[in-house]
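Here is query-v3.json, consisting of JSON, C-alpha atoms:
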```json
[["chain", "number", "residue", "atom", "x", "y", "z"],
["Q", 1, "MET", "CA", 53.61, -24.67, -24.01],
["Q", 2, "GLY", "CA", 50.55, -25.85, -22.07],
["Q", 3, "ASP", "CA", 49.97, -25.37, -18.36],
["Q", 4, "PHE", "CA", 50.62, -29.07, -17.66],
["Q", 5, "LEU", "CA", 54.17, -28.94, -18.98],
["Q", 6, "ARG", "CA", 54.94, -25.47, -17.63],
["Q", 7, "GLN", "CA", 53.79, -26.46, -14.13],
["Q", 8, "ARG", "CA", 56.05, -29.50, -14.10],
["Q", 9, "LEU", "CA", 59.08, -27.64, -15.41],
["Q", 10, "ASP", "CA", 58.57, -24.89, -12.83],
["Q", 11, "PHE", "CA", 58.18, -27.53, -10.12],
["Q", 12, "LEU", "CA", 61.45, -29.16, -11.16],
["Q", 13, "LEU", "CA", 63.30, -25.84, -11.20],
["Q", 14, "HIS", "CA", 62.10, -24.95, -7.71],
["Q", 15, "ALA", "CA", 62.81, -28.46, -6.35],
["Q", 16, "GLN", "CA", 66.50, -28.49, -7.31],
["Q", 17, "ASN", "CA", 68.68, -29.06, -4.26],
["Q", 18, "ASP", "CA", 71.59, -26.84, -3.29],
["Q", 19, "ASP", "CA", 74.03, -29.54, -4.45],
["Q", 20, "GLY", "CA", 72.54, -29.31, -7.96],
["Q", 21, "GLY", "CA", 70.59, -32.56, -7.94],
["Q", 22, "TRP", "CA", 67.07, -33.71, -7.24],
["Q", 23, "GLY", "CA", 65.65, -36.12, -4.69],
["Q", 24, "TYR", "CA", 62.58, -38.25, -5.16],
["Q", 25, "PHE", "CA", 60.64, -35.59, -3.25],
["Q", 26, "PRO", "CA", 61.38, -31.90, -2.52],
["Q", 27, "GLY", "CA", 63.89, -31.36, 0.26],
["Q", 28, "LYS", "CA", 65.16, -34.94, 0.19],
["Q", 29, "HIS", "CA", 68.70, -36.05, -0.65],
["Q", 30, "SER", "CA", 69.68, -36.04, -4.32],
["Q", 31, "TRP", "CA", 69.67, -39.30, -6.24],
["Q", 32, "MET", "CA", 70.74, -40.21, -9.75],
["Q", 33, "GLU", "CA", 67.38, -41.39, -11.10],
["Q", 34, "PRO", "CA", 65.25, -38.26, -10.41],
["Q", 35, "THR", "CA", 68.25, -36.05, -11.23],
["Q", 36, "ALA", "CA", 68.65, -37.68, -14.66],
["Q", 37, "TYR", "CA", 64.97, -37.36, -15.59],
["Q", 38, "ALA", "CA", 64.85, -33.77, -14.35],
["Q", 39, "MET", "CA", 67.92, -32.86, -16.42],
["Q", 40, "LEU", "CA", 66.51, -34.46, -19.56],
["Q", 41, "ALA", "CA", 63.15, -32.77, -19.04],
["Q", 42, "LEU", "CA", 64.71, -29.33, -18.46],
["Q", 43, "GLU", "CA", 67.10, -29.45, -21.42],
["Q", 44, "GLY", "CA", 66.22, -26.45, -23.58],
["Q", 45, "HIS", "CA", 63.79, -25.17, -20.95],
["Q", 46, "ALA", "CA", 66.21, -23.99, -18.26],
["Q", 47, "ASP", "CA", 69.32, -21.84, -17.97],
["Q", 48, "ARG", "CA", 72.50, -23.73, -18.80],
["Q", 49, "ALA", "CA", 73.80, -22.92, -15.31],
["Q", 50, "VAL", "CA", 71.00, -25.02, -13.79],
["Q", 51, "LEU", "CA", 71.95, -28.06, -15.86],
["Q", 52, "ASP", "CA", 75.70, -27.54, -15.49],
["Q", 53, "ARG", "CA", 75.33, -27.47, -11.71],
["Q", 54, "ALA", "CA", 73.42, -30.74, -11.85],
["Q", 55, "TRP", "CA", 76.02, -32.27, -14.15],
["Q", 56, "ARG", "CA", 78.86, -31.44, -11.76],
["Q", 57, "LEU", "CA", 77.05, -33.46, -9.10],
["Q", 58, "VAL", "CA", 76.44, -36.36, -11.49],
["Q", 59, "GLU", "CA", 80.15, -36.33, -12.41],
["Q", 60, "SER", "CA", 81.06, -36.71, -8.73],
["Q", 61, "TRP", "CA", 79.02, -39.93, -8.53],
["Q", 62, "GLN", "CA", 81.05, -41.80, -11.16],
["Q", 63, "LEU", "CA", 83.39, -44.42, -9.71],
["Q", 64, "PRO", "CA", 86.92, -45.25, -10.94],
["Q", 65, "ASP", "CA", 85.64, -48.38, -12.74],
["Q", 66, "GLY", "CA", 83.39, -46.22, -14.94],
["Q", 67, "SER", "CA", 80.12, -47.08, -13.23],
["Q", 68, "TRP", "CA", 77.85, -44.65, -11.45],
["Q", 69, "ARG", "CA", 76.59, -44.99, -7.92],
["Q", 70, "PRO", "CA", 72.95, -44.02, -7.30],
["Q", 71, "GLY", "CA", 73.80, -41.10, -5.03],
["Q", 72, "ALA", "CA", 76.21, -39.59, -2.52],
["Q", 73, "ASP", "CA", 74.81, -41.75, 0.29],
["Q", 74, "VAL", "CA", 75.95, -44.95, -1.47],
["Q", 75, "ALA", "CA", 79.71, -45.54, -1.52],
["Q", 76, "GLY", "CA", 79.45, -48.24, -4.20],
["Q", 77, "PRO", "CA", 79.48, -50.42, -6.13],
["Q", 78, "GLY", "CA", 78.03, -48.91, -9.28],
["Q", 79, "SER", "CA", 74.65, -50.06, -10.50],
["Q", 80, "TRP", "CA", 72.11, -49.85, -13.31],
["Q", 81, "VAL", "CA", 72.12, -46.04, -13.07],
["Q", 82, "THR", "CA", 75.35, -46.19, -15.08],
["Q", 83, "ALA", "CA", 73.01, -46.33, -18.09],
["Q", 84, "LEU", "CA", 71.56, -42.98, -17.01],
["Q", 85, "GLY", "CA", 75.07, -41.55, -16.67],
["Q", 86, "VAL", "CA", 75.94, -42.60, -20.22],
["Q", 87, "HIS", "CA", 72.57, -41.29, -21.43],
["Q", 88, "LEU", "CA", 73.32, -37.89, -19.89],
["Q", 89, "CYS", "CA", 76.79, -37.85, -21.50],
["Q", 90, "CYS", "CA", 75.11, -38.36, -24.88],
["Q", 91, "ALA", "CA", 72.45, -35.73, -24.19],
["Q", 92, "ARG", "CA", 75.15, -33.20, -23.33],
["Q", 93, "GLY", "CA", 77.42, -34.21, -26.22],
["Q", 94, "GLN", "CA", 80.25, -35.07, -23.85],
["Q", 95, "PHE", "CA", 81.96, -38.05, -25.49],
["Q", 96, "ASP", "CA", 85.03, -38.01, -23.28],
["Q", 97, "ARG", "CA", 86.84, -40.42, -20.99],
["Q", 98, "ARG", "CA", 83.93, -40.35, -18.55],
["Q", 99, "PHE", "CA", 81.60, -41.47, -21.36],
["Q", 100, "GLU", "CA", 83.99, -44.17, -22.59],
["Q", 101, "ASN", "CA", 84.48, -45.63, -19.12],
["Q", 102, "GLY", "CA", 80.73, -45.75, -18.54],
["Q", 103, "VAL", "CA", 80.16, -47.56, -21.84],
["Q", 104, "LYS", "CA", 82.94, -50.07, -21.03],
["Q", 105, "TRP", "CA", 81.31, -50.85, -17.69],
["Q", 106, "LEU", "CA", 77.94, -51.41, -19.35],
["Q", 107, "ILE", "CA", 79.23, -53.76, -22.03],
["Q", 108, "GLY", "CA", 81.17, -55.67, -19.36],
["Q", 109, "THR", "CA", 78.06, -56.27, -17.24],
["Q", 110, "GLN", "CA", 75.37, -58.90, -17.73],
["Q", 111, "GLY", "CA", 72.83, -60.89, -15.72],
["Q", 112, "ARG", "CA", 74.00, -63.95, -13.86],
["Q", 113, "GLU", "CA", 71.32, -66.17, -15.42],
["Q", 114, "THR", "CA", 73.62, -66.69, -18.42],
["Q", 115, "ASN", "CA", 76.47, -68.18, -16.37],
["Q", 116, "TRP", "CA", 77.03, -71.94, -16.23],
["Q", 117, "LEU", "CA", 74.93, -72.39, -13.07],
["Q", 118, "GLY", "CA", 71.99, -70.46, -14.52],
["Q", 119, "ARG", "CA", 72.06, -72.53, -17.70],
["Q", 120, "LEU", "CA", 72.30, -75.77, -15.73],
["Q", 121, "VAL", "CA", 69.26, -74.85, -13.61],
["Q", 122, "ALA", "CA", 67.34, -74.01, -16.79],
["Q", 123, "LEU", "CA", 68.22, -77.40, -18.30],
["Q", 124, "ILE", "CA", 67.05, -79.46, -15.33],
["Q", 125, "GLN", "CA", 63.92, -77.36, -14.61],
["Q", 126, "PRO", "CA", 60.83, -79.61, -14.91],
["Q", 127, "GLY", "CA", 58.88, -78.85, -18.08],
["Q", 128, "GLY", "CA", 61.72, -76.80, -19.55],
["Q", 129, "PRO", "CA", 62.88, -73.26, -18.70],
["Q", 130, "ASP", "CA", 60.27, -70.55, -18.16],
["Q", 131, "ASN", "CA", 62.59, -67.98, -19.71],
["Q", 132, "ASP", "CA", 65.33, -67.97, -22.31],
["Q", 133, "VAL", "CA", 68.78, -67.82, -20.70],
["Q", 134, "THR", "CA", 70.88, -67.58, -23.86],
["Q", 135, "HIS", "CA", 70.71, -63.79, -24.25],
["Q", 136, "HIS", "CA", 72.50, -61.17, -22.17],
["Q", 137, "GLY", "CA", 70.60, -58.41, -20.41],
["Q", 138, "TRP", "CA", 71.45, -56.17, -17.47],
["Q", 139, "PRO", "CA", 70.78, -56.48, -13.74],
["Q", 140, "TRP", "CA", 69.97, -53.77, -11.24],
["Q", 141, "LEU", "CA", 73.29, -54.64, -9.55],
["Q", 142, "ARG", "CA", 76.23, -56.67, -10.83],
["Q", 143, "GLY", "CA", 76.11, -60.32, -9.81],
["Q", 144, "THR", "CA", 72.32, -60.55, -9.95],
["Q", 145, "SER", "CA", 69.82, -61.54, -12.63],
["Q", 146, "SER", "CA", 68.66, -59.42, -15.56],
["Q", 147, "TRP", "CA", 65.41, -57.48, -15.40],
["Q", 148, "ILE", "CA", 63.48, -55.62, -18.06],
["Q", 149, "GLU", "CA", 63.97, -52.04, -16.87],
["Q", 150, "PRO", "CA", 67.77, -52.02, -16.35],
["Q", 151, "THR", "CA", 68.14, -53.90, -19.64],
["Q", 152, "ALA", "CA", 65.96, -51.34, -21.43],
["Q", 153, "GLN", "CA", 67.83, -48.38, -19.92],
["Q", 154, "ALA", "CA", 71.18, -49.88, -20.96],
["Q", 155, "ILE", "CA", 69.93, -50.50, -24.51],
["Q", 156, "VAL", "CA", 68.83, -46.86, -24.82],
["Q", 157, "ALA", "CA", 72.17, -45.60, -23.48],
["Q", 158, "LEU", "CA", 74.20, -47.81, -25.83],
["Q", 159, "ARG", "CA", 72.01, -46.97, -28.83],
["Q", 160, "LEU", "CA", 72.64, -43.27, -28.14],
["Q", 161, "ALA", "CA", 76.34, -43.99, -27.67],
["Q", 162, "SER", "CA", 76.67, -46.12, -30.80],
["Q", 163, "GLY", "CA", 77.65, -43.27, -33.11],
["Q", 164, "HIS", "CA", 80.56, -42.40, -30.84],
["Q", 165, "TYR", "CA", 81.74, -45.82, -29.66],
["Q", 166, "ALA", "CA", 82.41, -48.66, -32.10],
["Q", 167, "GLY", "CA", 81.30, -52.26, -31.79],
["Q", 168, "LEU", "CA", 78.09, -51.91, -29.77],
["Q", 169, "ASP", "CA", 75.53, -53.25, -32.23],
["Q", 170, "GLU", "CA", 75.93, -56.96, -31.43],
["Q", 171, "ARG", "CA", 75.56, -56.41, -27.67],
["Q", 172, "ILE", "CA", 72.52, -54.21, -28.22],
["Q", 173, "ARG", "CA", 70.82, -56.69, -30.55],
["Q", 174, "ASP", "CA", 71.42, -59.55, -28.12],
["Q", 175, "ALA", "CA", 69.84, -57.55, -25.28],
["Q", 176, "GLU", "CA", 66.88, -56.66, -27.51],
["Q", 177, "GLU", "CA", 66.42, -60.39, -28.14],
["Q", 178, "LEU", "CA", 66.32, -60.96, -24.39],
["Q", 179, "ILE", "CA", 63.49, -58.44, -24.06],
["Q", 180, "LEU", "CA", 61.62, -60.04, -26.96],
["Q", 181, "THR", "CA", 61.94, -63.51, -25.42],
["Q", 182, "ARG", "CA", 60.52, -62.15, -22.13],
["Q", 183, "LYS", "CA", 57.36, -60.80, -23.78],
["Q", 184, "CYS", "CA", 54.20, -61.95, -22.03],
["Q", 185, "ARG", "CA", 51.49, -63.85, -23.86],
["Q", 186, "ASP", "CA", 49.25, -60.74, -23.85],
["Q", 187, "GLY", "CA", 51.82, -58.77, -25.88],
["Q", 188, "GLY", "CA", 53.41, -56.65, -23.15],
["Q", 189, "TRP", "CA", 56.08, -57.04, -20.47],
["Q", 190, "ASN", "CA", 56.24, -57.37, -16.73],
["Q", 191, "TYR", "CA", 59.26, -56.75, -14.53],
["Q", 192, "GLY", "CA", 61.30, -59.76, -15.52],
["Q", 193, "SER", "CA", 59.64, -63.02, -16.56],
["Q", 194, "ARG", "CA", 56.92, -64.02, -18.98],
["Q", 195, "ARG", "CA", 56.30, -67.24, -17.05],
["Q", 196, "ALA", "CA", 56.94, -68.54, -13.54],
["Q", 197, "LEU", "CA", 56.47, -72.14, -12.41],
["Q", 198, "GLY", "CA", 54.84, -72.90, -15.74],
["Q", 199, "ILE", "CA", 52.20, -70.17, -15.36],
["Q", 200, "ASP", "CA", 51.85, -67.31, -17.87],
["Q", 201, "LEU", "CA", 52.23, -63.93, -16.19],
["Q", 202, "PRO", "CA", 50.40, -60.70, -17.14],
["Q", 203, "SER", "CA", 52.19, -57.64, -18.43],
["Q", 204, "TYR", "CA", 52.34, -54.30, -16.61],
["Q", 205, "PRO", "CA", 51.75, -50.98, -18.36],
["Q", 206, "GLU", "CA", 54.81, -49.11, -17.05],
["Q", 207, "THR", "CA", 57.19, -51.95, -17.88],
["Q", 208, "THR", "CA", 55.63, -52.36, -21.32],
["Q", 209, "GLY", "CA", 56.34, -48.67, -21.96],
["Q", 210, "VAL", "CA", 59.96, -48.99, -20.84],
["Q", 211, "ALA", "CA", 60.46, -52.13, -22.96],
["Q", 212, "LEU", "CA", 59.05, -50.46, -26.07],
["Q", 213, "VAL", "CA", 61.36, -47.47, -25.58],
["Q", 214, "ALA", "CA", 64.25, -49.93, -25.78],
["Q", 215, "LEU", "CA", 62.87, -51.72, -28.85],
["Q", 216, "GLN", "CA", 62.64, -48.70, -31.15],
["Q", 217, "GLY", "CA", 65.32, -50.29, -33.33],
["Q", 218, "ARG", "CA", 62.80, -53.08, -34.03],
["Q", 219, "ALA", "CA", 59.88, -50.71, -34.64],
["Q", 220, "GLY", "CA", 58.94, -52.30, -37.97],
["Q", 221, "GLY", "CA", 57.91, -55.53, -36.26],
["Q", 222, "LEU", "CA", 56.07, -54.15, -33.26],
["Q", 223, "SER", "CA", 52.58, -53.41, -34.61],
["Q", 224, "ALA", "CA", 50.84, -55.85, -32.24],
["Q", 225, "GLU", "CA", 52.86, -54.61, -29.25],
["Q", 226, "ILE", "CA", 52.06, -50.99, -30.11],
["Q", 227, "ARG", "CA", 48.34, -51.82, -30.23],
["Q", 228, "HIS", "CA", 48.62, -53.48, -26.84],
["Q", 229, "ALA", "CA", 50.45, -50.44, -25.46],
["Q", 230, "ARG", "CA", 47.64, -48.19, -26.68],
["Q", 231, "GLU", "CA", 45.13, -50.42, -24.89],
["Q", 232, "LEU", "CA", 47.16, -50.31, -21.70],
["Q", 233, "PHE", "CA", 47.37, -46.51, -21.94],
["Q", 234, "GLU", "CA", 43.57, -46.29, -22.10],
["Q", 235, "GLN", "CA", 43.07, -48.75, -19.26],
["Q", 236, "THR", "CA", 45.66, -47.70, -16.68],
["Q", 237, "ARG", "CA", 45.12, -44.99, -14.10],
["Q", 238, "SER", "CA", 48.81, -44.91, -13.13],
["Q", 239, "PRO", "CA", 50.46, -41.57, -14.04],
["Q", 240, "LEU", "CA", 53.86, -43.31, -14.11],
["Q", 241, "ALA", "CA", 52.60, -45.94, -16.56],
["Q", 242, "ARG", "CA", 50.93, -43.35, -18.77],
["Q", 243, "ALA", "CA", 54.16, -41.31, -18.87],
["Q", 244, "TRP", "CA", 56.33, -44.25, -19.95],
["Q", 245, "LEU", "CA", 53.73, -45.45, -22.46],
["Q", 246, "SER", "CA", 53.50, -41.93, -23.91],
["Q", 247, "ILE", "CA", 57.28, -41.63, -24.25],
["Q", 248, "ALA", "CA", 57.39, -44.99, -26.03],
["Q", 249, "LEU", "CA", 54.41, -44.41, -28.31],
["Q", 250, "ARG", "CA", 55.48, -40.90, -29.33],
["Q", 251, "ASN", "CA", 58.94, -42.10, -30.27],
["Q", 252, "LEU", "CA", 57.38, -44.95, -32.23],
["Q", 253, "GLY", "CA", 55.23, -42.48, -34.19],
["Q", 254, "ALA", "CA", 51.96, -43.06, -32.33],
["Q", 255, "GLU", "CA", 50.39, -40.08, -30.57],
["Q", 256, "THR", "CA", 48.69, -40.13, -27.19],
["Q", 257, "PRO", "CA", 46.29, -37.53, -25.76],
["Q", 258, "ALA", "CA", 47.84, -34.51, -24.05],
["Q", 259, "PRO", "CA", 47.59, -35.00, -20.27],
["Q", 260, "ASP", "CA", 46.07, -32.63, -17.76],
["Q", 261, "GLY", "CA", 46.07, -32.18, -13.99],
["Q", 262, "ASP", "CA", 48.34, -30.54, -11.43],
["Q", 263, "PRO", "CA", 51.69, -32.04, -10.38],
["Q", 264, "ASP", "CA", 52.09, -33.72, -7.02],
["Q", 265, "ASP", "CA", 55.29, -33.86, -4.95],
["Q", 266, "ASP", "CA", 56.87, -36.78, -6.84],
["Q", 267, "ILE", "CA", 59.93, -35.37, -8.65],
["Q", 268, "LEU", "CA", 60.68, -38.51, -10.67],
["Q", 269, "LEU", "CA", 57.09, -38.58, -11.93],
["Q", 270, "ALA", "CA", 57.13, -34.86, -12.75],
["Q", 271, "GLY", "CA", 60.27, -35.34, -14.84],
["Q", 272, "LEU", "CA", 58.78, -38.24, -16.78],
["Q", 273, "GLU", "CA", 55.46, -36.45, -17.27],
["Q", 274, "ALA", "CA", 57.30, -33.43, -18.65],
["Q", 275, "LEU", "CA", 59.28, -35.69, -20.99],
["Q", 276, "ALA", "CA", 56.10, -37.45, -22.13],
["Q", 277, "HIS", "CA", 54.20, -34.25, -22.98],
["Q", 278, "PRO", "CA", 53.65, -33.52, -26.70],
["Q", 279, "ASP", "CA", 55.82, -30.39, -26.30],
["Q", 280, "GLY", "CA", 58.27, -32.06, -23.94],
["Q", 281, "ASN", "CA", 61.64, -33.65, -24.55],
["Q", 282, "HIS", "CA", 60.37, -37.17, -25.30],
["Q", 283, "ALA", "CA", 62.94, -37.23, -28.13],
["Q", 284, "ALA", "CA", 65.59, -37.55, -25.40],
["Q", 285, "PHE", "CA", 64.61, -41.24, -25.51],
["Q", 286, "ARG", "CA", 64.62, -41.49, -29.29],
["Q", 287, "VAL", "CA", 67.40, -43.82, -30.40],
["Q", 288, "PRO", "CA", 69.15, -44.33, -33.75],
["Q", 289, "GLN", "CA", 68.87, -47.54, -35.73],
["Q", 290, "ALA", "CA", 71.67, -50.09, -35.68],
["Q", 291, "GLY", "CA", 74.88, -48.55, -37.00],
["Q", 292, "GLY", "CA", 73.36, -45.06, -36.93],
["Q", 293, "HIS", "CA", 74.47, -41.89, -35.25],
["Q", 294, "GLY", "CA", 72.69, -39.97, -32.52]]
```
Could you spell out this file's structure in C-alpha cells?
Amino acid sequence: MGDFLRQRLDFLLHAQNDDGGWGYFPGKHSWMEPTAYAMLALEGHADRAVLDRAWRLVESWQLPDGSWRPGADVAGPGSWVTALGVHLCCARGQFDRRFENGVKWLIGTQGRETNWLGRLVALIQPGGPDNDVTHHGWPWLRGTSSWIEPTAQAIVALRLASGHYAGLDERIRDAEELILTRKCRDGGWNYGSRRALGIDLPSYPETTGVALVALQGRAGGLSAEIRHARELFEQTRSPLARAWLSIALRNLGAETPAPDGDPDDDILLAGLEALAHPDGNHAAFRVPQAGGHG
C-alpha cells in the first residue's frame, strides 16, 4: 500500500466522529455522503468495530418509508442519499427489510420532468425539447427534476441490489437511457442537461466520471466516452474530478496513473481518493451486468 492511500485511510480513521459517522470536515456534524464514502474506502482496511459503529448511525437515519435522510440534523423527507444507504446494505451483505424498503423507495421515485406538465412544456418548447423527457431518472429530492449524479448513484445501488431483489432491470435500463440522452456533444456529461435554450453545453469532468460509473452495464458501447474521460483526466486539475474519473476508468478496465500528494481536510474527497487508488476499494463501485448477481 502506497503512502497516498495509507495517509488517506489514516486520516479517515482519525476523523471519525464519536457518533460513528463522518462530517465533510473533521470535527463537523456527521452526514450520510462523507460517511458512506469513508465506510466504502475503509472496508477491509479497518477494524470491523469501526465500520459497525458507523453502520449503526446510518441505520438510525433511515425513515419509515424506506428512504434515508442526509443526516441527524435533517428530520426528513428522505433524499437521493437513499441510493447510498442501499449501496451500503449491498456492501455489507445485509439484504434485510431495511434493504428492501430502501429499494422500494428508489424504484418509486422519479424526476418530475416525466409527468404530464413536463411533457407538455417539452412539446410546446420552441425548436423542440432540449432534453428527452421520456425516460425516468432520479432527483436530488422527490418532486423535483432528475439530475445526472442522483440518477447515477441510484443506478449503481440498484445494479448492486439486482441479484437480491427481482424486477429491477427495466427500471435500471430506462435510467441508463436517460443518462445516454443527456450526453453532451463533446462526449461527456454535465450536471443535468446537454442543451439549454438551444445551446450545446460543455461536459464537466467529475460528472462525466459519475455518469460512466453508472453506465458500466453498457461498457461495450462506450469507447468514445472512455477516450473523452481519459482526456478530461489529463486536463483537469480538480482532485474530485480525477477521483471520480479514476473510479470509472478502473472499473471499465482502463488504468489511470497512481496519484500523489498529501490529503487536505476534505473528508469526502479523502474517501473518494482512497477508493480511486489502484490499491483502493474502487471495486465497491463495480456493478454486475443486467440480470447478474453482485
List the neighbours of Glu225 (chain Q) out to 9 Å using all atoms listed in the file; skip same-chain residues closer than 3 positions along the sequence, and give me the result as a ChimeraX atom specification.
/Q:186-188,208,212,221-222,228-230
Which residues come within 6 Å of Ala241 (chain Q), counting only C-alpha atoms, excluding same-chain residues fewer than 3 positions away, as a ChimeraX atom specification?
/Q:205-206,238,244
Arg250 (chain Q): which residues within 9 Å, counting only C-alpha atoms, same-chain residues fewer than 3 positions away excluded, as a list in words?
Leu245, Ser246, Ile247, Gly253, Ala254, Glu255, Thr256, Ala276, Pro278, His282 and Ala283 of chain Q
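The coordinates place CA of Arg112 (chain Q) at 5.8 Å from CA of Gly143 (chain Q).
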List every protein, DNA or RNA residue with an atom no more than 8 Å from (45.4, -40.1, -24.2) in the file's coordinates, counting all atoms listed in the file, and format the result as a list in words.
Phe233, Glu234, Thr256, Pro257, Ala258 and Pro259 of chain Q
Do you know which residues lie at most 12 Å from (50.1, -36.3, -6.5), with coordinates as in the file and only C-alpha atoms counted, and could you write them as a PyMOL selection string?
chain Q and resi 8+25+238-240+261-270
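Closest approach to Ala54 (chain Q) among Q:Gly27, Q:Pro34, Q:Pro202, Q:Gly280 is made by Q:Pro34 (distances from all atoms listed in the file).
Taking only C-alpha atoms into account, Ala154 (chain Q) lies nearest to Q:Val210 out of the set Q:Ala248, Q:Leu51, Q:Leu9, Q:Val210.
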Leaving out region 162-177 of chain Q and any residue of its chain fewer than 5 positions from it, which residues lie within 9 Å of it when counting all atoms listed in the file, given as a list in words?
Phe95, Glu100, Val103, Ile107, His135, His136, Gly137, Trp138, Thr151, Ala152, Ala154, Ile155, Val156, Ala157, Arg182, Ala214, Leu215, Gly217, Arg218, Pro288, Ala290, Gly291, Gly292, His293 and Gly294 of chain Q
